[in-house]
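Structure below is upload.txt: compact mmCIF, C-alpha atoms.
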# COMPACT_ATOMS: atom_id res chain seq x y z
CA MET M 1 -73.26 -9.54 82.49
CA PRO M 2 -73.51 -10.28 78.75
CA LYS M 3 -75.78 -7.83 76.92
CA ASP M 4 -77.56 -10.66 75.11
CA GLN M 5 -78.28 -12.73 78.22
CA ARG M 6 -81.29 -14.93 77.62
CA GLN M 7 -84.43 -14.69 79.72
CA MET M 8 -84.85 -17.83 81.82
CA ARG M 9 -88.31 -19.29 82.31
CA LEU M 10 -87.30 -20.74 85.68
CA THR M 11 -87.13 -17.88 88.19
CA SER M 12 -86.89 -17.23 91.92
CA ARG M 13 -90.71 -17.24 91.91
CA HIS M 14 -90.71 -20.92 90.98
CA VAL M 15 -87.98 -21.70 93.52
CA ALA M 16 -90.02 -20.02 96.28
CA TYR M 17 -92.73 -22.68 95.97
CA LEU M 18 -90.28 -25.41 97.00
CA GLN M 19 -88.81 -24.60 100.39
CA PRO M 20 -87.52 -26.98 103.09
CA ASP M 21 -89.12 -26.84 106.51
CA THR M 22 -85.68 -26.12 108.00
CA VAL M 23 -82.41 -25.29 106.25
CA VAL M 24 -79.51 -27.32 107.67
CA GLU M 25 -75.99 -26.72 106.31
CA ALA M 26 -74.20 -29.13 108.67
CA LEU M 27 -73.17 -32.51 107.30
CA PRO M 28 -75.51 -35.23 108.60
CA PRO M 29 -74.26 -38.64 109.74
CA PRO M 30 -72.98 -40.71 106.79
CA PRO M 31 -75.26 -43.31 105.21
CA GLU M 32 -74.77 -46.99 105.97
CA GLY M 33 -71.59 -48.30 104.38
CA MET M 34 -69.88 -44.92 104.38
CA SER M 35 -67.81 -42.99 106.93
CA GLU M 36 -66.98 -39.36 107.53
CA ALA M 37 -63.75 -38.25 105.88
CA SER M 38 -61.14 -36.78 108.23
CA GLU M 39 -58.68 -33.94 107.78
CA ALA M 40 -55.97 -36.58 107.45
CA ASP M 41 -57.90 -38.10 104.54
CA HIS M 42 -58.06 -34.72 102.85
CA ARG M 43 -54.35 -34.10 103.39
CA ASP M 44 -53.64 -37.47 101.81
CA THR M 45 -55.67 -36.36 98.79
CA ILE M 46 -53.66 -33.13 98.58
CA ALA M 47 -50.41 -35.12 98.68
CA LYS M 48 -51.71 -37.38 95.91
CA PHE M 49 -52.30 -34.50 93.50
CA PHE M 50 -49.86 -31.80 94.57
CA GLY M 51 -46.23 -31.67 95.61
CA PRO M 52 -45.11 -29.89 98.81
CA ASP M 53 -43.68 -26.98 96.80
CA ASP M 54 -46.40 -26.87 94.16
CA HIS M 55 -48.21 -23.79 95.49
CA ASP M 56 -47.87 -21.08 92.85
CA GLU M 57 -50.89 -21.92 90.70
CA THR M 58 -53.55 -24.27 92.02
CA TRP M 59 -56.72 -24.21 89.96
CA VAL M 60 -60.15 -25.74 90.55
CA PHE M 61 -62.59 -26.31 87.67
CA ALA M 62 -66.21 -25.65 88.72
CA TYR M 63 -69.15 -26.93 86.68
CA GLY M 64 -72.10 -26.89 89.12
CA SER M 65 -72.76 -25.42 92.55
CA LEU M 66 -69.12 -24.39 93.00
CA ILE M 67 -69.78 -21.77 90.32
CA TRP M 68 -72.35 -19.95 92.44
CA LYS M 69 -71.29 -21.09 95.90
CA PRO M 70 -67.50 -21.53 95.98
CA ALA M 71 -66.33 -23.60 98.91
CA CYS M 72 -62.98 -21.86 99.20
CA ASP M 73 -61.19 -18.56 98.74
CA TYR M 74 -59.75 -17.64 95.36
CA VAL M 75 -57.62 -14.86 93.89
CA GLU M 76 -58.56 -15.22 90.21
CA VAL M 77 -61.48 -16.56 88.23
CA ARG M 78 -61.57 -17.40 84.52
CA THR M 79 -63.90 -19.24 82.19
CA GLY M 80 -62.66 -22.40 80.56
CA LEU M 81 -63.55 -25.27 78.24
CA LEU M 82 -62.94 -28.87 79.26
CA HIS M 83 -62.93 -31.52 76.53
CA GLY M 84 -63.70 -35.17 77.18
CA TRP M 85 -66.19 -34.54 79.99
CA HIS M 86 -69.68 -33.04 80.22
CA ARG M 87 -71.87 -31.94 83.14
CA ALA M 88 -74.78 -34.27 83.75
CA PHE M 89 -77.40 -34.95 86.40
CA CYS M 90 -75.93 -38.38 86.99
CA LEU M 91 -75.19 -38.44 90.74
CA GLY M 92 -78.03 -40.06 92.65
CA TRP M 93 -79.98 -40.57 94.60
CA ASN M 94 -79.88 -37.67 97.03
CA ASN M 95 -82.38 -38.03 99.88
CA ARG M 96 -80.78 -35.57 102.33
CA PHE M 97 -79.34 -32.34 100.98
CA ARG M 98 -81.68 -31.62 98.07
CA GLY M 99 -84.07 -34.53 98.16
CA SER M 100 -86.07 -36.87 100.37
CA ASP M 101 -86.97 -40.53 100.48
CA ALA M 102 -90.24 -39.69 98.71
CA ASN M 103 -88.64 -37.42 96.11
CA PRO M 104 -84.88 -38.01 95.88
CA GLY M 105 -82.71 -35.55 93.98
CA LEU M 106 -80.11 -35.85 91.23
CA MET M 107 -76.89 -33.84 91.48
CA LEU M 108 -74.50 -32.68 88.80
CA ALA M 109 -71.17 -34.38 88.19
CA LEU M 110 -68.82 -34.62 85.25
CA ASP M 111 -69.40 -37.68 83.09
CA ARG M 112 -67.25 -38.95 80.25
CA GLY M 113 -67.67 -37.62 76.72
CA GLY M 114 -68.41 -34.29 75.12
CA ALA M 115 -67.24 -30.99 76.54
CA CYS M 116 -68.07 -28.64 79.39
CA LYS M 117 -67.75 -24.88 79.85
CA GLY M 118 -67.21 -23.77 83.43
CA ALA M 119 -65.30 -21.56 85.84
CA LEU M 120 -61.67 -21.83 86.86
CA TYR M 121 -60.74 -20.63 90.35
CA ARG M 122 -57.11 -20.02 91.31
CA LEU M 123 -56.49 -20.59 95.01
CA PRO M 124 -54.30 -18.27 97.11
CA ALA M 125 -50.77 -19.71 97.07
CA ASP M 126 -50.13 -19.01 100.75
CA LYS M 127 -53.37 -20.72 101.84
CA ARG M 128 -53.58 -23.52 99.30
CA ASP M 129 -53.92 -26.48 101.65
CA GLU M 130 -56.49 -24.94 103.99
CA ASN M 131 -58.66 -23.97 101.02
CA LEU M 132 -58.35 -27.40 99.43
CA ILE M 133 -59.41 -28.94 102.74
CA LYS M 134 -62.48 -26.66 102.83
CA LEU M 135 -63.27 -27.73 99.28
CA PHE M 136 -62.87 -31.43 100.10
CA GLU M 137 -64.95 -31.11 103.27
CA ARG M 138 -67.85 -29.94 101.16
CA GLU M 139 -67.42 -32.13 98.11
CA MET M 140 -66.06 -35.26 99.80
CA GLY M 141 -67.46 -35.20 103.31
CA TRP M 142 -68.12 -38.94 103.21
CA LYS M 143 -66.00 -41.78 101.92
CA PRO M 144 -65.83 -43.59 99.64
CA THR M 145 -66.80 -40.72 97.36
CA ALA M 146 -68.91 -41.29 94.27
CA PHE M 147 -67.25 -38.43 92.40
CA PRO M 148 -63.55 -38.46 93.23
CA PRO M 149 -61.19 -35.62 92.31
CA ARG M 150 -58.97 -35.79 89.28
CA MET M 151 -56.71 -33.48 87.32
CA VAL M 152 -57.99 -32.27 83.95
CA THR M 153 -56.70 -29.97 81.23
CA VAL M 154 -58.85 -26.90 80.61
CA ARG M 155 -58.51 -24.39 77.79
CA SER M 156 -58.95 -20.76 78.90
CA GLY M 157 -58.25 -18.09 76.30
CA ASP M 158 -54.68 -18.56 75.14
CA ARG M 159 -53.81 -20.69 78.18
CA THR M 160 -53.96 -24.41 78.90
CA ILE M 161 -54.52 -24.94 82.62
CA ARG M 162 -54.25 -28.07 84.74
CA ALA M 163 -57.06 -28.01 87.27
CA LEU M 164 -58.63 -30.17 89.94
CA THR M 165 -62.25 -31.16 89.44
CA PHE M 166 -64.72 -33.91 90.40
CA CYS M 167 -65.86 -36.67 88.03
CA ILE M 168 -68.41 -39.39 88.54
CA ASP M 169 -67.21 -42.90 89.35
CA ARG M 170 -69.43 -45.01 87.13
CA ASN M 171 -68.79 -48.02 89.36
CA SER M 172 -69.78 -46.29 92.58
CA GLY M 173 -73.38 -47.48 92.68
CA ARG M 174 -74.58 -43.87 92.63
CA TYR M 175 -74.12 -43.39 88.90
CA ILE M 176 -77.45 -42.74 87.18
CA SER M 177 -77.69 -42.85 83.39
CA GLY M 178 -80.22 -43.38 80.64
CA LEU M 179 -82.82 -40.87 81.86
CA SER M 180 -84.51 -38.61 79.32
CA GLU M 181 -84.62 -34.85 79.83
CA ASN M 182 -88.30 -35.15 80.73
CA GLN M 183 -87.52 -37.76 83.40
CA ILE M 184 -84.74 -35.60 84.83
CA ALA M 185 -87.07 -32.59 84.86
CA ASP M 186 -89.67 -34.62 86.76
CA VAL M 187 -87.05 -35.24 89.47
CA LEU M 188 -85.73 -31.68 89.63
CA ALA M 189 -89.21 -30.16 89.83
CA LYS M 190 -90.14 -32.04 93.02
CA ALA M 191 -87.04 -32.83 95.10
CA VAL M 192 -86.48 -30.80 98.27
CA GLY M 193 -84.00 -31.53 101.09
CA THR M 194 -82.37 -29.91 104.09
CA ARG M 195 -80.31 -27.51 101.95
CA GLY M 196 -83.06 -26.54 99.53
CA SER M 197 -84.61 -27.77 96.32
CA MET M 198 -83.24 -29.17 93.10
CA ALA M 199 -85.12 -26.38 91.32
CA GLU M 200 -83.01 -23.85 93.23
CA TYR M 201 -79.84 -25.78 92.38
CA LEU M 202 -80.71 -25.77 88.67
CA PHE M 203 -81.82 -22.13 88.70
CA SER M 204 -78.63 -20.90 90.37
CA THR M 205 -76.39 -22.96 88.09
CA VAL M 206 -78.02 -21.81 84.84
CA GLU M 207 -78.32 -18.20 86.00
CA HIS M 208 -74.63 -17.95 86.87
CA LEU M 209 -73.51 -19.72 83.71
CA GLU M 210 -75.52 -17.25 81.64
CA GLN M 211 -74.10 -14.31 83.59
CA MET M 212 -70.63 -15.57 82.71
CA GLY M 213 -71.58 -15.89 79.04
CA LEU M 214 -71.58 -19.70 79.18
CA HIS M 215 -74.61 -21.36 77.60
CA ASP M 216 -75.40 -25.00 78.32
CA ALA M 217 -78.14 -26.11 75.93
CA HIS M 218 -79.06 -29.18 78.01
CA LEU M 219 -79.48 -27.21 81.25
CA TRP M 220 -81.34 -24.49 79.38
CA ARG M 221 -83.92 -27.00 78.17
CA LEU M 222 -84.16 -28.46 81.67
CA GLN M 223 -84.85 -25.10 83.30
CA ASN M 224 -87.75 -24.57 80.91
CA LEU M 225 -89.15 -28.04 81.58
CA VAL M 226 -88.81 -27.66 85.36
CA ALA M 227 -90.54 -24.26 85.34
CA GLU M 228 -93.34 -25.74 83.26
CA ARG M 229 -93.88 -28.52 85.80
CA ILE M 230 -93.82 -26.20 88.82
CA GLU M 231 -96.33 -23.87 87.15
CA ALA M 232 -98.62 -26.82 86.45
CA VAL M 233 -98.72 -27.70 90.15
CA TYR M 234 -98.65 -24.29 91.87
CA GLU M 235 -100.09 -21.84 89.36
CA THR M 236 -103.12 -23.61 87.90
CA ASP M 237 -105.43 -20.77 89.02
CA ARG M 238 -103.32 -17.93 87.67
In structure tokens, how does this file's structure come out?
Amino acid sequence: MPKDQRQMRLTSRHVAYLQPDTVVEALPPPPEGMSEASEADHRDTIAKFFGPDDHDETWVFAYGSLIWKPACDYVEVRTGLLHGWHRAFCLGWNNRFRGSDANPGLMLALDRGGACKGALYRLPADKRDENLIKLFEREMGWKPTAFPPRMVTVRSGDRTIRALTFCIDRNSGRYISGLSENQIADVLAKAVGTRGSMAEYLFSTVEHLEQMGLHDAHLWRLQNLVAERIEAVYETDR
């Protein structure tokens, strides 16, 4: 942990105020107009990006929940800088996992422009496909996906690494843009779904980025704004 790690305003105390009635990890039925992706679909995706003998170094670039809740096994982790893309709360609207019809959530995805610091995970060479399938089952459980995988070039120390990541499809119908930080904070401070709250999602992402020595100024401002809103609702008598 970096010695100069900043003190977050958003804490587990704030997250504790926003709990789902029941935590459900299983994938619910797909929304209307979508279908559940099969193992064959995921194997087709693997074939699209990787050759049959391309097992030695398979990297995944994580920018959000994959940083603190990896969906697959890995044998090496590094930090890296991706140019041309930035993390943004631009994937909406989530009314199941971390939101509801009354208070839908916004999830992170990579959007064009800027740069993004994140984590690089190298998958075990002898179990590449099974770990990619686990990753796709979590990130692309339904099709068509609003944030399809793509290969990007990430700088990590003295290395340049080709890695798989997930970027928003601006034409998907789920792309949300133009919101101010205050509007995004309003959403994140209230949304709760079957897998937890958006406040928890933000807290875990910022906390783990800071532990890795990666500071995201936008997320840092958001965590302060979200904590402020939660305190205003739940701690008015303190």
- Query: Between CA of Trp85 (chain M) and CA of Phe61 (chain M), what is the spacing in Å?
  - Reply: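 About the pair CA of Phe61 (chain M) and CA of Trp85 (chain M): they are 11.8 Å apart.
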Q.
For a test of reading the model, state the distance in Å between CA of Thr236 (chain M) and CA of Val23 (chain M), rounded to one decimal.
A.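 Value for the CA of Thr236 (chain M)-CA of Val23 (chain M) distance: 27.7 Å.
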Among M:Met151, M:Ala146, M:Ala189, M:Val75, Lys127 (chain M) is approached most closely, using all atoms listed in the file, by M:Val75
Residue contacts of Arg229 (chain M) (9 Å, all atoms listed in the file) excluding same-chain residues fewer than 4 positions away, as a list in words:
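Here the qualifying residues turn out to be Ala185, Asp186, Ala189, Lys190, Asn224, Leu225, Val233 and Tyr234 of chain M.
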Which polymer residues have any atom within 9 Å of an atom of region 168-179 of chain M, counting all atoms listed in the file, with same-chain residues fewer than 5 positions away left out, as a CSV table (one decimal) with C-alpha atoms, in the frame of the given file?
chain,number,residue,atom,x,y,z
M,89,PHE,CA,-77.4,-35.0,86.4
M,90,CYS,CA,-75.9,-38.4,87.0
M,91,LEU,CA,-75.2,-38.4,90.7
M,92,GLY,CA,-78.0,-40.1,92.6
M,93,TRP,CA,-80.0,-40.6,94.6
M,106,LEU,CA,-80.1,-35.8,91.2
M,109,ALA,CA,-71.2,-34.4,88.2
M,110,LEU,CA,-68.8,-34.6,85.2
M,111,ASP,CA,-69.4,-37.7,83.1
M,112,ARG,CA,-67.2,-39.0,80.2
M,144,PRO,CA,-65.8,-43.6,99.6
M,145,THR,CA,-66.8,-40.7,97.4
M,146,ALA,CA,-68.9,-41.3,94.3
M,147,PHE,CA,-67.2,-38.4,92.4
M,148,PRO,CA,-63.6,-38.5,93.2
M,149,PRO,CA,-61.2,-35.6,92.3
M,184,ILE,CA,-84.7,-35.6,84.8
What separates CA of Met140 (chain M) and CA of Asp41 (chain M) is a distance of 9.9 Å
* **Spatial sel., origin (-73.0, -18.0, 78.3), limit 10 Å, only C-alpha atoms, listed as a PyMOL selection string** => chain M and resi 1-2+4-6+79+117-118+206-217
Could you dump the residues just selected with C-alpha atoms as an mmCIF file, keeping the file's coordinate frame?
data_model
loop_
_atom_site.group_PDB
_atom_site.id
_atom_site.type_symbol
_atom_site.label_atom_id
_atom_site.label_comp_id
_atom_site.auth_asym_id
_atom_site.auth_seq_id
_atom_site.Cartn_x
_atom_site.Cartn_y
_atom_site.Cartn_z
ATOM 1 C CA MET M 1 -73.260 -9.540 82.490
ATOM 2 C CA PRO M 2 -73.510 -10.280 78.750
ATOM 3 C CA ASP M 4 -77.560 -10.660 75.110
ATOM 4 C CA GLN M 5 -78.280 -12.730 78.220
ATOM 5 C CA ARG M 6 -81.290 -14.930 77.620
ATOM 6 C CA THR M 79 -63.900 -19.240 82.190
ATOM 7 C CA LYS M 117 -67.750 -24.880 79.850
ATOM 8 C CA GLY M 118 -67.210 -23.770 83.430
ATOM 9 C CA VAL M 206 -78.020 -21.810 84.840
ATOM 10 C CA GLU M 207 -78.320 -18.200 86.000
ATOM 11 C CA HIS M 208 -74.630 -17.950 86.870
ATOM 12 C CA LEU M 209 -73.510 -19.720 83.710
ATOM 13 C CA GLU M 210 -75.520 -17.250 81.640
ATOM 14 C CA GLN M 211 -74.100 -14.310 83.590
ATOM 15 C CA MET M 212 -70.630 -15.570 82.710
ATOM 16 C CA GLY M 213 -71.580 -15.890 79.040
ATOM 17 C CA LEU M 214 -71.580 -19.700 79.180
ATOM 18 C CA HIS M 215 -74.610 -21.360 77.600
ATOM 19 C CA ASP M 216 -75.400 -25.000 78.320
ATOM 20 C CA ALA M 217 -78.140 -26.110 75.930
#
Which polymer residues have any atom within 12 Å of an atom of region 131-134 of chain M, counting all atoms listed in the file, with same-chain residues fewer than 4 positions away left out, as a PDB file with C-alpha atoms, in the coordinates of the input?
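Final file, result06.pdb:
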ATOM      1  CA  ALA M  37     -63.750 -38.250 105.880  1.00  0.00           C
ATOM      2  CA  SER M  38     -61.140 -36.780 108.230  1.00  0.00           C
ATOM      3  CA  GLU M  39     -58.680 -33.940 107.780  1.00  0.00           C
ATOM      4  CA  ALA M  40     -55.970 -36.580 107.450  1.00  0.00           C
ATOM      5  CA  ASP M  41     -57.900 -38.100 104.540  1.00  0.00           C
ATOM      6  CA  HIS M  42     -58.060 -34.720 102.850  1.00  0.00           C
ATOM      7  CA  ARG M  43     -54.350 -34.100 103.390  1.00  0.00           C
ATOM      8  CA  ASP M  44     -53.640 -37.470 101.810  1.00  0.00           C
ATOM      9  CA  THR M  45     -55.670 -36.360  98.790  1.00  0.00           C
ATOM     10  CA  ILE M  46     -53.660 -33.130  98.580  1.00  0.00           C
ATOM     11  CA  ALA M  47     -50.410 -35.120  98.680  1.00  0.00           C
ATOM     12  CA  PHE M  49     -52.300 -34.500  93.500  1.00  0.00           C
ATOM     13  CA  PHE M  50     -49.860 -31.800  94.570  1.00  0.00           C
ATOM     14  CA  HIS M  55     -48.210 -23.790  95.490  1.00  0.00           C
ATOM     15  CA  THR M  58     -53.550 -24.270  92.020  1.00  0.00           C
ATOM     16  CA  TRP M  59     -56.720 -24.210  89.960  1.00  0.00           C
ATOM     17  CA  VAL M  60     -60.150 -25.740  90.550  1.00  0.00           C
ATOM     18  CA  PRO M  70     -67.500 -21.530  95.980  1.00  0.00           C
ATOM     19  CA  ALA M  71     -66.330 -23.600  98.910  1.00  0.00           C
ATOM     20  CA  CYS M  72     -62.980 -21.860  99.200  1.00  0.00           C
ATOM     21  CA  ASP M  73     -61.190 -18.560  98.740  1.00  0.00           C
ATOM     22  CA  TYR M  74     -59.750 -17.640  95.360  1.00  0.00           C
ATOM     23  CA  VAL M  75     -57.620 -14.860  93.890  1.00  0.00           C
ATOM     24  CA  TYR M 121     -60.740 -20.630  90.350  1.00  0.00           C
ATOM     25  CA  ARG M 122     -57.110 -20.020  91.310  1.00  0.00           C
ATOM     26  CA  LEU M 123     -56.490 -20.590  95.010  1.00  0.00           C
ATOM     27  CA  PRO M 124     -54.300 -18.270  97.110  1.00  0.00           C
ATOM     28  CA  ALA M 125     -50.770 -19.710  97.070  1.00  0.00           C
ATOM     29  CA  ASP M 126     -50.130 -19.010 100.750  1.00  0.00           C
ATOM     30  CA  LYS M 127     -53.370 -20.720 101.840  1.00  0.00           C
ATOM     31  CA  ARG M 138     -67.850 -29.940 101.160  1.00  0.00           C
ATOM     32  CA  GLU M 139     -67.420 -32.130  98.110  1.00  0.00           C
ATOM     33  CA  MET M 140     -66.060 -35.260  99.800  1.00  0.00           C
ATOM     34  CA  GLY M 141     -67.460 -35.200 103.310  1.00  0.00           C
ATOM     35  CA  PRO M 149     -61.190 -35.620  92.310  1.00  0.00           C
ATOM     36  CA  LEU M 164     -58.630 -30.170  89.940  1.00  0.00           C
ATOM     37  CA  THR M 165     -62.250 -31.160  89.440  1.00  0.00           C
TER      38      THR M 165
END
Exercise. Just the residues within 9 Å of Val154 (chain M), please, counting only C-alpha atoms, with nothing from its chain fewer than 6 positions along; format it as a VMD selection string.
Key: chain M and resid 61 80 to 83 120 160 to 163
Around region 58-69 of chain M, with edges along x, y and z and 4 Å added on all six sides, what centre and edge lengths do you get, in Å to one decimal, as lines of an AutoDock Vina configuration file?
center_x = -63.2
center_y = -23.4
center_z = 91.3
size_x = 27.2
size_y = 15.0
size_z = 17.2
(message) Under the rule that only C-alpha atoms are counted, which of M:Lys69, M:His14, M:Arg150, M:Arg221 is the nearest residue to Thr205 (chain M)?
(response)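 Selected residue with least distance to Thr205 (chain M): M:Lys69.
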